[in-house]
Structure formats: structure tokens, C-alpha cells
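Asker: Sharing a structure, written as C-alpha cells. Questions coming.
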Amino acid sequence: MAEPTRKTTSGHTRVRTPSISLNMPGRYTTGNVLAVTGWSHSTLYNRIRESKFPKPKQDGRLNYWDTSVVREALGL
């Protein structure tokens with residue numbers, strides 16, 4: 001009997017609608033930044049590598065940006 005096939009994942013972060021606006025103090029995770037910018041995971045990390053977007057801070061394994069940093073980086 002054949003083994004069931006496993007669903008493969010890309011390892012990239014999924015887009016997650018932020019629960020707070022950019023005008024409020026707080027943190028945005030990678031998924032929140034993707035939702036606000038409309039970029040793909042690859043585009044975000046390419047822009048970070050090219051210094052076109054700030055590097056994330058870390059809380060354990062969780063990458064995040066303060067909302068003020070995202071707002072400034074996007075020129076809003």
C-alpha cells in the first residue's frame with residue numbers, strides 16, 4: 001500500500017491581516033508587513049538584503065517591526 005502524499009510547503013510566511021493600524025503603537029510580524037505592503041515573502045527579504053527596508057527585530061524566533069518603523073520605511 002502506498003504512503004499518503006504529504007502536502008509540501010514553501011516555508012514562506014503567509015499573509016496575515018494586521019489587527020492594529022500602522023498609526024497605532026505596536027508590532028507587525030512578517031505576515032502583517034506582507035499584508036500592508038502587498039509584497040511576497042521573497043520580495044520583502046530581498047529588499048531587506050538590499051537595505052531598502054529595515055531589518056526586523058527578534059523576540060526569540062519571531063521577527064517583528066515596530067509599526068512606526070514600517071510606517072517610516074513606506075513613507076507614510
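How things are named: the first chain in the C-alpha cells is A, the next is B, and so on; residues count from 1 in each chain; ligands count from 1 in the order shown.
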Please list as a ChimeraX atom specification every residue within 12 Å of A:Arg61, counting only C-alpha atoms and excluding residues in the same chain fewer than 5 positions away.
Answerer: /A:29-30,56
Asker: Could you name the residues that touch A:Leu62 at 12 Å or less, counting only C-alpha atoms, but leaving out those on the same chain fewer than 3 positions away, as a PyMOL selection string?
Answerer: chain A and resi 13+27-31+56-59+65
Asker: Pick out each residue of stretch 10-59 of chain A that DSSP on the backbone tags as strand (DSSP E or B); I need them as a ChimeraX atom specification.
Answerer: /A:27-29,57-59
Asker: Take the residues from that selection and put them in a file with N, CA, C and O atoms, as a compact mmCIF listing (two decimals), in the first residue's frame.
Answerer:
# COMPACT_ATOMS: atom_id res chain seq x y z
N ARG A 27 3.49 46.12 17.22
CA ARG A 27 4.43 45.34 16.43
C ARG A 27 3.73 44.69 15.25
O ARG A 27 2.59 44.27 15.36
N TYR A 28 4.45 44.62 14.13
CA TYR A 28 3.98 43.89 12.96
C TYR A 28 4.91 42.71 12.74
O TYR A 28 6.13 42.87 12.74
N THR A 29 4.34 41.55 12.53
CA THR A 29 5.12 40.38 12.19
C THR A 29 5.36 40.39 10.68
O THR A 29 4.85 41.24 9.96
N LYS A 57 13.51 43.19 14.13
CA LYS A 57 13.99 42.87 15.47
C LYS A 57 13.55 41.44 15.73
O LYS A 57 12.74 40.88 14.99
N GLN A 58 14.06 40.84 16.79
CA GLN A 58 13.66 39.47 17.11
C GLN A 58 13.24 39.35 18.56
O GLN A 58 13.83 39.95 19.45
N ASP A 59 12.20 38.56 18.76
CA ASP A 59 11.72 38.19 20.08
C ASP A 59 11.72 36.67 20.09
O ASP A 59 10.78 36.04 19.63
Asker: Give me the residues near A:Glu72 as a compact mmCIF listing (two decimals) with C-alpha atoms, in the first residue's frame, where near means some atom within 10 Å (using only C-alpha atoms) and where sequence neighbours in that chain fewer than 6 positions away do not count.
Answerer:
# COMPACT_ATOMS: atom_id res chain seq x y z
CA LEU A 22 0.02 51.49 11.26
CA PHE A 53 13.65 48.01 4.08
CA PRO A 54 14.83 47.87 7.73
Asker: For A:Pro25, which residue among A:Thr43, A:His12, A:Thr67, A:Lys55 is the nearest when counting only C-alpha atoms?
Answerer: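 So, comparing all the options, the nearest one is A:Thr67.
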Asker: Could you please write out, as a PyMOL selection string, every residue of chain A that DSSP assigns to alpha helix (DSSP H)?
Answerer: chain A and resi 30-37+41-49+67-73
Asker: By how many Å are atom CA of A:Asp66 and atom CA of A:Ile20 apart?
Answerer: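 Result for atom CA of A:Asp66 versus atom CA of A:Ile20: 11.5 Å, one decimal.
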Asker: Select, from A:Val33, A:Leu44, A:Met24, A:Val15, the residue with the minimum atom-to-atom distance to A:Tyr64, counting only C-alpha atoms.
Answerer: A:Val33
Asker: What does the structure give for the distance between atom CA of A:Asn32 and atom CA of A:Arg14, in Å to one decimal?
Answerer: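 Computing it gives 8.9 Å between the two atoms.
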Asker: Could you tell me how far atom CA of A:Ala73 sits from atom CA of A:Ser40, in Å to one decimal place?
Answerer: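 Computing the Euclidean distance for atom CA of A:Ser40 and atom CA of A:Ala73 yields 16.6 Å.
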Asker: Measuring atom to atom with only C-alpha atoms, identify which of A:Val70, A:Gly75, A:Gly38, A:Thr5 is nearest to A:Ser21.
Answerer: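 Answer, going by the shortest atom-to-atom distance: A:Val70.
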